[in-house]
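Asker: This is the structure I have questions about; it appears just below.
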Amino acid sequence: MILDTHDNVRDYAPLFRGVDPTPLFDWLQNCRDVAPGTKVEFSGDKLFAKALRQDTGSRDAFKWETHREYIDLQYILGGGEVIEWAPAAKLVADVAYDEKTDFQFYAPAKADALLTMKDGLFTFLFPADGHKPLVSDGTNHYVHKVIAKIHKSLLVL
């Protein structure tokens, strides 16, 4: 897991291999007015982003998840949320992995860390990072963000 500010997103370009992340980074810097639900492809199904505006809620309203094939770059544009974090190795799967959606869901568990996400922050979430997004931060009732999906073959892990 990496947590940082929008100002530093370009510092992570050396993590990418086989693809230039500059178009993604440029788009992220200018995507505030993109309508929720908009999907933008930068390298086909290997690198794409989707703008979202989602309601937040109680911890019990959401499930732990991981992704095997893709890394999430969650880039916050407005509102806020808490993303609960725990090592995937500590979580217990409660349903079979879905290859089509690249989601593995898990039984309830205790978080090892809480990421309070607000405008100006982003996080990279890797396959080993169990995460439960969309938890209310107690102030905001929604989060406006972009989730860039980066195929693991495009990053130095």
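Every chain in the structure tokens takes a letter, A first, then B, and so on in the order presented; its residues are numbered from 1, and the ligands are numbered from 1 following the presented order.
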Excluding Ala13 (chain A) and any residue of its chain fewer than 6 positions from it, enumerate the residues within 8 Å of it, using only C-alpha atoms, and give them as a ChimeraX atom specification.
Answerer: /A:20-22
Asker: Can you pull out the residues contacting region 114-127 of chain A? Cut-off 7 Å, using only C-alpha atoms, and skip same-chain residues under 2 positions away; I want them as an mmCIF file with C-alpha atoms, in the first residue's frame.
Answerer:
data_model
loop_
_atom_site.group_PDB
_atom_site.id
_atom_site.type_symbol
_atom_site.label_atom_id
_atom_site.label_comp_id
_atom_site.auth_asym_id
_atom_site.auth_seq_id
_atom_site.Cartn_x
_atom_site.Cartn_y
_atom_site.Cartn_z
ATOM 1 C CA MET A 1 0.000 0.000 0.000
ATOM 2 C CA ILE A 2 1.168 3.493 -0.836
ATOM 3 C CA LEU A 3 -0.532 6.632 0.483
ATOM 4 C CA ASP A 4 0.450 10.057 -0.824
ATOM 5 C CA THR A 5 -0.818 13.401 -2.114
ATOM 6 C CA HIS A 6 -1.896 14.376 -5.621
ATOM 7 C CA THR A 66 -8.655 -7.872 -2.821
ATOM 8 C CA HIS A 67 -7.774 -8.085 -6.489
ATOM 9 C CA ARG A 68 -5.370 -10.644 -7.947
ATOM 10 C CA ILE A 71 -3.660 -2.811 -8.617
ATOM 11 C CA ASP A 72 -6.057 -0.057 -7.583
ATOM 12 C CA LEU A 73 -4.940 3.549 -7.735
ATOM 13 C CA GLN A 74 -7.694 5.281 -5.768
ATOM 14 C CA TYR A 75 -7.499 9.034 -6.342
ATOM 15 C CA ILE A 76 -9.841 11.146 -4.187
ATOM 16 C CA LEU A 77 -11.483 14.205 -5.774
ATOM 17 C CA GLY A 78 -14.114 15.189 -3.204
ATOM 18 C CA GLY A 79 -16.046 14.089 -0.166
ATOM 19 C CA GLY A 80 -14.213 11.501 1.848
ATOM 20 C CA GLU A 81 -14.113 7.958 3.130
ATOM 21 C CA VAL A 82 -12.198 5.625 5.365
ATOM 22 C CA ILE A 83 -10.540 2.668 3.701
ATOM 23 C CA GLU A 84 -9.919 -0.075 6.217
ATOM 24 C CA TRP A 85 -6.708 -2.016 5.537
ATOM 25 C CA ALA A 111 -8.598 -3.590 10.396
ATOM 26 C CA ASP A 129 -3.601 -5.316 0.482
ATOM 27 C CA ASP A 137 -15.413 9.193 7.823
#
Asker: Considering only C-alpha atoms, state which residue in the set A:Glu65, A:Asp112, A:Asp33, A:Glu41 is at the smallest distance from Lys149 (chain A).
Answerer: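 Ranked by minimum distance to Lys149 (chain A), first place goes to A:Glu41.
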Asker: To one decimal place in Å, what is the distance between CA of Phe62 (chain A) and CA of Leu134 (chain A)?
Answerer: 7.3 Å
Asker: Of the candidates A:Lys100, A:Lys90, A:Thr56, A:Lys63, which one gets nearest to Thr139 (chain A) if we count only C-alpha atoms?
Answerer: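 Nearest candidate to Thr139 (chain A) out of A:Lys100, A:Lys90, A:Thr56, A:Lys63: A:Thr56.
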Asker: Please provide as a PyMOL selection string all residues within 9 Å of Ser153 (chain A), with the sequence filter that same-chain residues fewer than 4 positions apart are discarded (counting only C-alpha atoms).
Answerer: chain A and resi 16-18+46+69-70+157
Asker: With distances taken over only C-alpha atoms, which residue among A:Asn30, A:Thr38, A:Ser43, A:Gln54 lies nearest Pro133 (chain A)?
Answerer: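 For Pro133 (chain A), the nearest of the candidates is A:Gln54.
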Asker: Step one, run DSSP on the backbone; step two, keep only residues of chain A assigned to strand (DSSP E); then write them as JSON, numbers by chain.
Answerer: {"A": [2, 3, 4, 5, 39, 40, 41, 47, 48, 49, 50, 51, 52, 53, 54, 55, 64, 65, 66, 70, 71, 72, 73, 74, 75, 76, 77, 78, 79, 80, 81, 82, 83, 84, 85, 86, 87, 104, 105, 106, 113, 114, 115, 116, 117, 118, 121, 122, 123, 124, 125, 129, 130, 131, 132, 133, 134, 135, 142, 143, 144, 145, 146, 147, 148, 149, 150, 151]}
Asker: Write down as a list of chain:residue names the residues of chain A whose backbone DSSP state falls under alpha helix (DSSP H).
Answerer: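 DSSP-assigned alpha helix (DSSP H) residues in chain A: A:Thr22, A:Pro23, A:Leu24, A:Phe25, A:Asp26, A:Trp27, A:Leu28, A:Gln29.
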Asker: In Å to one decimal, how far is CA of Trp64 (chain A) from CA of Phe105 (chain A)?
Answerer: 5.6 Å
